[in-house]
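Undergrad: Dropping in upload-v3.csv, which is CSV, C-alpha atoms:
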```
chain,number,residue,atom,x,y,z
A,5,MET,CA,14.2,-16.3,-15.9
A,6,LYS,CA,16.2,-16.0,-12.7
A,7,GLU,CA,14.9,-17.6,-9.6
A,8,ALA,CA,13.6,-15.2,-6.9
A,9,SER,CA,16.0,-14.6,-4.0
A,10,PRO,CA,14.9,-16.2,-0.7
A,11,LYS,CA,14.3,-12.7,0.7
A,12,SER,CA,12.4,-11.5,-2.3
A,13,LEU,CA,8.8,-10.5,-1.5
A,14,ILE,CA,7.8,-9.3,-5.0
A,15,SER,CA,9.3,-10.4,-8.3
A,16,LEU,CA,8.0,-9.0,-11.6
A,17,HIS,CA,9.3,-10.5,-14.9
A,18,GLY,CA,8.3,-8.9,-18.3
A,19,LEU,CA,5.0,-7.5,-16.8
A,20,THR,CA,2.8,-5.7,-19.3
A,21,LYS,CA,-0.6,-4.0,-19.1
A,22,THR,CA,-2.6,-3.0,-22.2
A,23,TYR,CA,-5.9,-1.2,-22.1
A,24,GLY,CA,-8.3,-1.3,-25.0
A,25,HIS,CA,-8.1,-3.3,-28.3
A,26,GLY,CA,-6.9,-2.7,-31.9
A,27,ASP,CA,-6.2,0.8,-32.9
A,28,ALA,CA,-7.5,2.0,-29.5
A,29,ALA,CA,-5.0,-0.1,-27.5
A,30,PHE,CA,-2.8,1.7,-25.0
A,31,GLN,CA,0.2,-0.1,-23.4
A,32,ALA,CA,0.5,1.3,-19.9
A,33,LEU,CA,3.3,-1.1,-18.9
A,34,ARG,CA,5.9,-2.4,-21.3
A,35,GLY,CA,7.8,-5.4,-19.9
A,36,VAL,CA,8.6,-4.4,-16.3
A,37,ASP,CA,11.2,-6.3,-14.4
A,38,LEU,CA,11.3,-5.5,-10.7
A,39,THR,CA,12.2,-7.2,-7.4
A,40,ILE,CA,11.3,-5.9,-4.0
A,41,ASN,CA,12.7,-7.6,-0.9
A,42,LYS,CA,11.1,-8.1,2.4
A,43,GLY,CA,11.4,-5.1,4.7
A,44,GLU,CA,12.2,-2.5,2.0
A,45,PHE,CA,10.7,1.0,1.8
A,46,VAL,CA,10.3,1.8,-1.9
A,47,ALA,CA,9.1,5.0,-3.5
A,48,VAL,CA,7.6,4.8,-7.0
A,49,MET,CA,7.8,8.0,-8.9
A,50,GLY,CA,7.1,9.2,-12.4
A,51,PRO,CA,5.2,11.8,-14.4
A,52,SER,CA,1.5,11.6,-15.1
A,53,GLY,CA,0.7,8.8,-17.5
A,54,SER,CA,4.0,7.1,-16.8
A,55,GLY,CA,2.4,3.9,-15.6
A,56,LYS,CA,3.2,4.2,-11.9
A,57,SER,CA,-0.4,4.0,-10.8
A,58,THR,CA,-1.0,1.0,-13.1
A,59,LEU,CA,2.1,-0.7,-11.6
A,60,MET,CA,0.7,0.0,-8.1
A,61,ASN,CA,-2.7,-1.5,-9.0
A,62,LEU,CA,-1.0,-4.7,-10.3
A,63,LEU,CA,1.3,-5.0,-7.3
A,64,GLY,CA,-1.7,-4.6,-5.0
A,65,CYS,CA,-3.8,-7.2,-6.9
A,66,LEU,CA,-6.4,-4.6,-7.7
A,67,ASP,CA,-5.9,-5.3,-11.4
A,68,THR,CA,-4.4,-8.1,-13.5
A,69,ALA,CA,-1.5,-7.9,-16.0
A,70,SER,CA,-1.9,-8.5,-19.7
A,71,SER,CA,1.2,-10.7,-19.8
A,72,GLY,CA,4.3,-11.5,-17.8
A,73,LYS,CA,5.0,-13.0,-14.3
A,74,TYR,CA,4.2,-11.6,-10.9
A,75,LEU,CA,5.4,-13.6,-7.9
A,76,TYR,CA,4.3,-12.6,-4.4
A,77,GLN,CA,6.1,-14.6,-1.7
A,78,GLY,CA,6.5,-17.3,-4.4
A,79,ILE,CA,2.8,-17.3,-5.4
A,80,ALA,CA,2.2,-16.8,-9.1
A,81,VAL,CA,-0.4,-14.0,-8.9
A,82,GLU,CA,-1.3,-14.2,-12.6
A,83,THR,CA,-2.6,-17.7,-12.1
A,84,LEU,CA,-5.1,-16.7,-9.3
A,85,ASN,CA,-8.8,-16.1,-9.9
A,86,ALA,CA,-10.6,-13.1,-8.6
A,87,GLU,CA,-11.6,-14.8,-5.3
A,88,GLN,CA,-8.0,-15.9,-4.7
A,89,ARG,CA,-6.6,-12.4,-5.4
A,90,SER,CA,-9.2,-11.1,-2.9
A,91,LEU,CA,-8.0,-13.5,-0.2
A,92,LEU,CA,-4.4,-12.5,-0.9
A,93,ARG,CA,-5.3,-8.8,-0.5
A,94,ARG,CA,-7.3,-9.5,2.7
A,95,HIS,CA,-4.5,-11.5,4.4
A,96,ALA,CA,-1.2,-10.1,3.2
A,97,LEU,CA,-1.7,-6.5,1.9
A,98,GLY,CA,-2.7,-3.2,3.4
A,99,PHE,CA,-3.7,0.0,1.5
A,100,ILE,CA,-3.5,3.7,2.2
A,101,PHE,CA,-5.0,6.2,-0.3
A,102,GLN,CA,-4.7,9.9,-0.8
A,103,GLY,CA,-8.5,10.4,-0.1
A,104,PHE,CA,-8.4,8.4,3.1
A,105,ASN,CA,-11.5,6.3,2.0
A,106,LEU,CA,-13.1,6.3,5.5
A,107,LEU,CA,-16.8,5.6,6.1
A,108,ALA,CA,-18.2,9.1,6.9
A,109,ARG,CA,-20.8,8.2,9.5
A,110,THR,CA,-18.7,5.6,11.2
A,111,SER,CA,-16.4,6.1,14.2
A,112,ALA,CA,-12.6,5.7,13.9
A,113,LEU,CA,-12.8,2.5,15.9
A,114,GLU,CA,-15.4,1.0,13.6
A,115,ASN,CA,-13.5,2.1,10.5
A,116,VAL,CA,-10.4,0.2,11.8
A,117,GLU,CA,-12.4,-2.8,12.8
A,118,LEU,CA,-13.9,-3.3,9.3
A,119,PRO,CA,-11.1,-5.4,7.7
A,120,LEU,CA,-11.3,-7.7,10.7
A,121,LEU,CA,-15.0,-8.1,10.3
A,122,TYR,CA,-14.4,-9.4,6.7
A,123,ARG,CA,-12.1,-12.0,8.2
A,124,GLY,CA,-14.8,-13.2,10.6
A,125,ILE,CA,-12.9,-12.3,13.7
A,126,SER,CA,-14.9,-12.1,16.9
A,127,LYS,CA,-16.2,-8.7,18.1
A,128,LYS,CA,-14.0,-8.8,21.3
A,129,GLU,CA,-10.8,-9.4,19.3
A,130,ARG,CA,-11.8,-6.9,16.6
A,131,ARG,CA,-12.2,-4.2,19.3
A,132,GLU,CA,-9.0,-5.1,21.1
A,133,ARG,CA,-6.9,-5.0,17.9
A,134,ALA,CA,-8.5,-1.8,16.6
A,135,VAL,CA,-7.9,0.0,19.9
A,136,GLU,CA,-4.2,-1.2,19.7
A,137,ALA,CA,-3.9,-0.1,16.1
A,138,LEU,CA,-5.3,3.4,16.8
A,139,SER,CA,-3.1,3.7,19.8
A,140,SER,CA,0.0,2.8,17.7
A,141,VAL,CA,-0.7,5.7,15.3
A,142,GLY,CA,-1.2,8.2,18.2
A,143,LEU,CA,-5.0,8.3,18.4
A,144,PRO,CA,-5.9,6.5,21.7
A,145,THR,CA,-8.5,9.3,22.6
A,146,LYS,CA,-10.2,9.5,19.2
A,147,LEU,CA,-11.9,6.1,19.1
A,148,ARG,CA,-15.4,7.4,19.0
A,149,ASN,CA,-14.8,10.3,16.6
A,150,THR,CA,-16.2,10.3,13.1
A,151,PRO,CA,-14.0,11.4,10.2
A,152,ALA,CA,-15.8,14.8,10.1
A,153,GLU,CA,-14.6,15.4,13.7
A,154,LEU,CA,-10.9,14.7,12.8
A,155,SER,CA,-8.3,16.7,11.0
A,156,GLY,CA,-6.9,15.5,7.7
A,157,GLY,CA,-3.8,14.2,9.4
A,158,GLN,CA,-5.9,12.3,12.0
A,159,GLN,CA,-8.0,10.8,9.2
A,160,GLN,CA,-4.9,9.5,7.5
A,161,ARG,CA,-3.7,8.0,10.8
A,162,VAL,CA,-7.1,6.2,11.1
A,163,ALA,CA,-6.6,5.0,7.5
A,164,ILE,CA,-3.1,3.7,8.4
A,165,ALA,CA,-4.4,2.0,11.5
A,166,ARG,CA,-7.1,0.3,9.3
A,167,ALA,CA,-4.4,-0.8,6.9
A,168,VAL,CA,-2.1,-2.3,9.6
A,169,VAL,CA,-4.7,-3.8,11.9
A,170,THR,CA,-4.6,-7.0,9.8
A,171,GLN,CA,-0.8,-7.2,10.3
A,172,PRO,CA,0.0,-7.2,6.5
A,173,SER,CA,3.4,-8.1,5.2
A,174,THR,CA,3.1,-5.3,2.6
A,175,LEU,CA,1.7,-1.8,2.8
A,176,PHE,CA,0.8,0.0,-0.5
A,177,ALA,CA,0.5,3.8,-0.1
A,178,ASP,CA,-0.9,5.8,-3.1
A,179,GLU,CA,0.0,9.5,-2.6
A,180,PRO,CA,-0.5,9.1,1.2
A,181,THR,CA,0.3,12.8,1.9
A,182,GLY,CA,-1.3,14.4,-1.2
A,183,ASN,CA,-4.0,16.1,0.8
A,184,LEU,CA,-1.9,17.1,3.8
A,185,ASP,CA,0.1,20.2,4.8
A,186,THR,CA,3.9,20.1,5.2
A,187,THR,CA,3.9,19.5,9.0
A,188,THR,CA,1.3,16.8,8.8
A,189,THR,CA,3.1,15.2,5.9
A,190,GLU,CA,6.2,14.9,8.0
A,191,GLU,CA,4.2,13.3,10.8
A,192,ILE,CA,2.6,10.7,8.5
A,193,MET,CA,5.9,9.9,6.8
A,194,GLU,CA,7.7,9.4,10.1
A,195,LEU,CA,4.8,7.1,11.1
A,196,LEU,CA,5.3,5.0,7.9
A,197,THR,CA,9.0,4.9,8.5
A,198,ARG,CA,8.4,3.5,12.0
A,199,LEU,CA,6.1,0.9,10.7
A,200,ASN,CA,8.7,-0.1,8.2
A,201,GLU,CA,11.7,-0.1,10.6
A,202,ASP,CA,10.0,-1.3,13.8
A,203,ARG,CA,7.5,-3.9,12.5
A,204,GLY,CA,9.4,-4.9,9.3
A,205,ILE,CA,6.4,-4.1,7.1
A,206,THR,CA,7.4,-3.7,3.5
A,207,VAL,CA,6.2,-0.3,2.2
A,208,VAL,CA,5.6,0.5,-1.5
A,209,MET,CA,4.6,4.1,-2.0
A,210,VAL,CA,3.6,6.1,-5.0
A,211,THR,CA,4.4,9.8,-4.8
A,212,HIS,CA,5.3,12.8,-7.0
A,213,GLU,CA,7.1,14.7,-4.2
A,214,ASP,CA,10.8,14.4,-3.9
A,215,GLU,CA,10.6,15.4,-0.2
A,216,VAL,CA,8.3,12.5,0.5
A,217,ALA,CA,10.3,10.0,-1.6
A,218,ALA,CA,13.4,10.9,0.5
A,219,TYR,CA,11.9,8.9,3.4
A,220,ALA,CA,12.2,5.7,1.4
A,221,LYS,CA,15.4,3.8,1.1
A,222,ARG,CA,14.9,3.1,-2.6
A,223,THR,CA,13.4,5.1,-5.4
A,224,VAL,CA,12.0,3.5,-8.6
A,225,ARG,CA,11.2,5.9,-11.4
A,226,VAL,CA,8.8,4.9,-14.1
A,227,LYS,CA,8.6,6.5,-17.6
A,228,ASP,CA,6.6,5.4,-20.6
A,229,GLY,CA,5.6,2.2,-19.0
A,230,GLN,CA,9.1,1.1,-18.1
A,231,ILE,CA,11.6,1.3,-15.2
A,232,GLU,CA,13.7,4.4,-16.0
A,233,SER,CA,15.9,4.2,-12.9
A,234,ASP,CA,16.2,2.2,-9.6
A,235,ILE,CA,18.3,3.8,-6.9
A,236,ARG,CA,19.0,2.5,-3.4
A,237,ARG,CA,20.1,4.8,-0.6
A,238,ASP,CA,21.9,4.0,2.7
```
Starting from the file, lay out its structure as structure tokens.
TA:
Amino acid sequence: MKEASPKSLISLHGLTKTYGHGDAAFQALRGVDLTINKGEFVAVMGPSGSGKSTLMNLLGCLDTASSGKYLYQGIAVETLNAEQRSLLRRHALGFIFQGFNLLARTSALENVELPLLYRGISKKERRERAVEALSSVGLPTKLRNTPAELSGGQQQRVAIARAVVTQPSTLFADEPTGNLDTTTTEEIMELLTRLNEDRGITVVMVTHEDEVAAYAKRTVRVKDGQIESDIRRD
């Protein structure tokens, strides 16, 4: 197995994932080899059932592989227990989902503060960092609004602020524009591009839309549990 490059953030070697046992077993990933460098913006694409969502869950430490190696900044993720994976997610990873996943009766500010609460950060610092994060996504006047009082695009901006308030090294976005119209999609993708380019946050995004994938500098296509193609663009 080749040693990871000094700038490698993520290195997968022969990663597999099997669900079920015996005759009912289904192999969702079939020996995936993939390297993602620090600061890349990668789109992961593939048809339904291709394994792209399984791959995202493994990369985000939301699930564990059946076999193979996963190195995150040199850490062998497959050797970590559930608590250690949770700590890795909490301190290094951010997540954006298609459904926003905001607490309905909680203000935008409180939603963004939540990950910092889990870290045990003081109320004063939580508030300052959450205000800064919401301002950075263009919502400085929406601190007290609940999700019901925000548009879909504004809700996704709150979700992005919540994901970046912990200053993660990697942001995982699962169909981040799936519930948005064309204009709002462009706004959200431009925001993700700025986070990638200005802050150096590595972005790994699952999408089925070519127009959305075009914002990424690299597109990895998954088919039948394997990498079908891996194309970088200038």
Undergrad: Mind running range 143-217 of chain A against range 221-231 of chain A at 12 Å and telling me each contacting residue's nearest atom pair with the distance in Å (one decimal), counting all atoms listed in the file, chain and number ascending, as a tab-separated table?
TA:
```
residue	atom	partner	partner_atom	distance
A:Thr197	CA	A:Lys221	CA	9.8
A:Asn200	CA	A:Lys221	CA	10.5
A:Glu201	CA	A:Lys221	CA	10.9
A:Thr206	CA	A:Lys221	CA	11.2
A:Val207	CA	A:Lys221	CA	10.1
A:Val208	CA	A:Arg222	CA	9.7
A:Met209	CA	A:Thr223	CA	9.5
A:Val210	CA	A:Val224	CA	9.5
A:Thr211	CA	A:Thr223	CA	10.2
A:His212	CA	A:Arg225	CA	10.1
A:Glu213	CA	A:Thr223	CA	11.5
A:Asp214	CA	A:Thr223	CA	9.8
A:Glu215	CA	A:Thr223	CA	11.9
A:Val216	CA	A:Thr223	CA	10.8
A:Ala217	CA	A:Thr223	CA	6.9
```
Undergrad: How would you write as a list in words the residues that get within 9 Å of (4.3, -7.4, -23.7) in the file's frame, counting all atoms listed in the file?
TA: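 Counting all atoms listed in the file, I find these residues within 9 Å of (4.3, -7.4, -23.7): Gly18, Leu19, Thr20, Lys21, Thr22, Gln31, Leu33, Arg34, Gly35, Ser70, Ser71 and Gly72 of chain A.
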Undergrad: I'd like the neighbourhood of Thr188 in chain A as a short mmCIF file (atom, residue, chain, number, x, y, z; two decimals) with C-alpha atoms, in the frame of the given file, where a residue qualifies if any of its atoms comes within 12 Å (using all atoms listed in the file), though same-chain residues fewer than 3 positions away should be ignored.
TA:
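In the end it all went to around-v4.cif:
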```cif
data_model
loop_
_atom_site.label_atom_id
_atom_site.label_comp_id
_atom_site.auth_asym_id
_atom_site.auth_seq_id
_atom_site.Cartn_x
_atom_site.Cartn_y
_atom_site.Cartn_z
CA SER A 155 -8.30 16.70 11.00
CA GLY A 156 -6.90 15.50 7.70
CA GLY A 157 -3.80 14.20 9.40
CA GLN A 158 -5.90 12.30 12.00
CA GLN A 159 -8.00 10.80 9.20
CA GLN A 160 -4.90 9.50 7.50
CA ARG A 161 -3.70 8.00 10.80
CA PRO A 180 -0.50 9.10 1.20
CA THR A 181 0.30 12.80 1.90
CA GLY A 182 -1.30 14.40 -1.20
CA ASN A 183 -4.00 16.10 0.80
CA LEU A 184 -1.90 17.10 3.80
CA ASP A 185 0.10 20.20 4.80
CA GLU A 191 4.20 13.30 10.80
CA ILE A 192 2.60 10.70 8.50
CA MET A 193 5.90 9.90 6.80
CA GLU A 194 7.70 9.40 10.10
CA LEU A 195 4.80 7.10 11.10
CA VAL A 216 8.30 12.50 0.50
#
```
Undergrad: Compile the contact shell of Lys73 in chain A as a PyMOL selection string: residues with an atom at most 12 Å away, counting all atoms listed in the file, same-chain residues fewer than 3 positions apart removed.
TA: chain A and resi 5-8+14-21+35-39+62-63+68-70+76+78-84
Undergrad: If we count all atoms listed in the file, what is near range 112-116 of chain A at a cut-off of 12 Å, once residues fewer than 2 positions away on the same chain are taken out, given as a count of residues only?
TA: 50
Undergrad: Any idea what's packed within 7 Å of Phe99 in chain A, counting all atoms listed in the file, ignoring anything in its chain fewer than 4 positions away? Could you give it as a list in words?
TA: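 So, after excluding close chain neighbours, the residues are Ala167, Leu175, Phe176 and Ala177 of chain A.
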